[in-house]
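In what follows, a single structure is set out as structure tokens and then discussed.
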Amino acid sequence: MQYSLQFSKIFNTGTVEYSIVTPVYNQEKIIVDNIKSYITHTLNNFEIILILDCCSDNTKDNIKKFIDEYKNEHNNFIQIKIIETYEPLFETKCDNIGFKMAEGKYVLEIQADMMMTEIGYNKHLCKPFKLLDNVIAVSGRCCHNLFKDGGIGKLGSSIEQDISTLDVDKNTFYTYETCNRGPLLIEKEKLIELNYLDEEHYYLDNSDHDLMLRAYLFKKYICGYVPIDFYAPLENGSTRKQKDQKNSDKLNFLRRNINPNYINKYQTQWISLKPKKYKFI
């Protein structure tokens, strides 16, 4: 077994609508504040699922201390689950662990370095699902083309920018060929239809884009971007952290044995999609 459920705590009864899934690697300084931001800014019933990916710092202890001392004042915070891996699995596998354990209609992947800053951000991201019936995923970060230039939102290093500095409208759903993880809202039923993220061919990058590509090729599901603000300094990203020997060895093994450009095999089947905009209130 590569992982196990280490700890869970139920705070309220009720049906979970949103399952927040966060893989965590060595984020002892910021993870508790970011969890607090989920709790204070998420509306409707939700759960939090944390996957601690072979952490070697005090991340686990800090989270456990916070939960042990936490006095819940939010009746929509249903429960928290903490999973721990026994070897480095990296983001794609960790996401799938959380997705499969999720009880909500929607899974909401939020990366560990992201602090939510808008109350009701999750309901805002959900609006396209109420507008169109073929939406699989909505990113609060950005969307773009797969094999050529073009995109909108917090692309690349602009993740640090306030959306007021970008040429975007908060009440518009922008559709392109793919959209990015973090924060990423996915309808779980459609995710199951596509057999989750592809763990065989992706361990870190591109598994989100592979999902969106397969979603359109095989189901004609679309994805896109709804602008929200959040706080995510580039320096805090787990992929940019210096790794301990165990994680470094596993990462080097994966780099040698998995082709990061596997997604390109679909390029000959792909028909470029025109970007669209859908307004909502």
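So you can find residues: chains in the structure tokens are A, B, ... in the order shown, residues in each start at 1, and ligands are numbered from 1 in order.
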
Could you give me, as a tab-separated table, every region 193-278 of chain A residue with an atom at most 10 Å from region 55-76 of chain A, plus its closest atom pair and distance in Å to one decimal, counting only C-alpha atoms, rows ordered by chain then number?
residue	atom	partner	partner_atom	distance
A:Lys243	CA	A:Ser56	CA	9.1
A:Asp244	CA	A:Ser56	CA	7.4
A:Lys246	CA	A:Ser56	CA	9.5
A:Asn247	CA	A:Cys55	CA	9.1

Can you list every residue of region 162-196 of chain A that has an atom at most 7 Å from region 202-218 of chain A, with its nearest atom pair and the distance in Å to one decimal, using only C-alpha atoms, ordered by chain then number, as CSV?
residue,atom,partner,partner_atom,distance
A:Thr178,CA,A:Met212,CA,5.5
A:Cys179,CA,A:His209,CA,6.8
A:Asn180,CA,A:Asp208,CA,6.6
A:Arg181,CA,A:Asp208,CA,6.4
A:Leu194,CA,A:Ala215,CA,6.9

Inset, instruction - Just the residues within 8 Å of Gln6 (chain A), please, counting only C-alpha atoms, with nothing from its chain fewer than 3 positions along; format it as a PyMOL selection string. - result: chain A and resi 81-84

Residues of the last selection are to be written out with C-alpha atoms, as a PDB file, in the first residue's frame.
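part03.pdb, written as the output of this step:
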ATOM      1  CA  LYS A  81      -9.468  13.742   5.920  1.00  0.00           C
ATOM      2  CA  ILE A  82      -5.676  13.486   6.028  1.00  0.00           C
ATOM      3  CA  ILE A  83      -3.936  10.876   3.881  1.00  0.00           C
ATOM      4  CA  GLU A  84      -0.215  10.161   4.114  1.00  0.00           C
TER       5      GLU A  84
END

Inset, instruction - Write down as a ChimeraX atom specification the residues belonging to region 106-202 of chain A that are assigned strand (DSSP E) by DSSP computed on the backbone. - result: /A:106-109,115-116,135-139,142-144,151-153,172-176,178-179,184-187

Legend entry - Selected residue, from A:Lys93, A:His124, A:Lys265, A:Arg256, that lies nearest to Gln2 (chain A) when counting only C-alpha atoms: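 With only C-alpha atoms as the atom set, the closest residue is A:Lys93.
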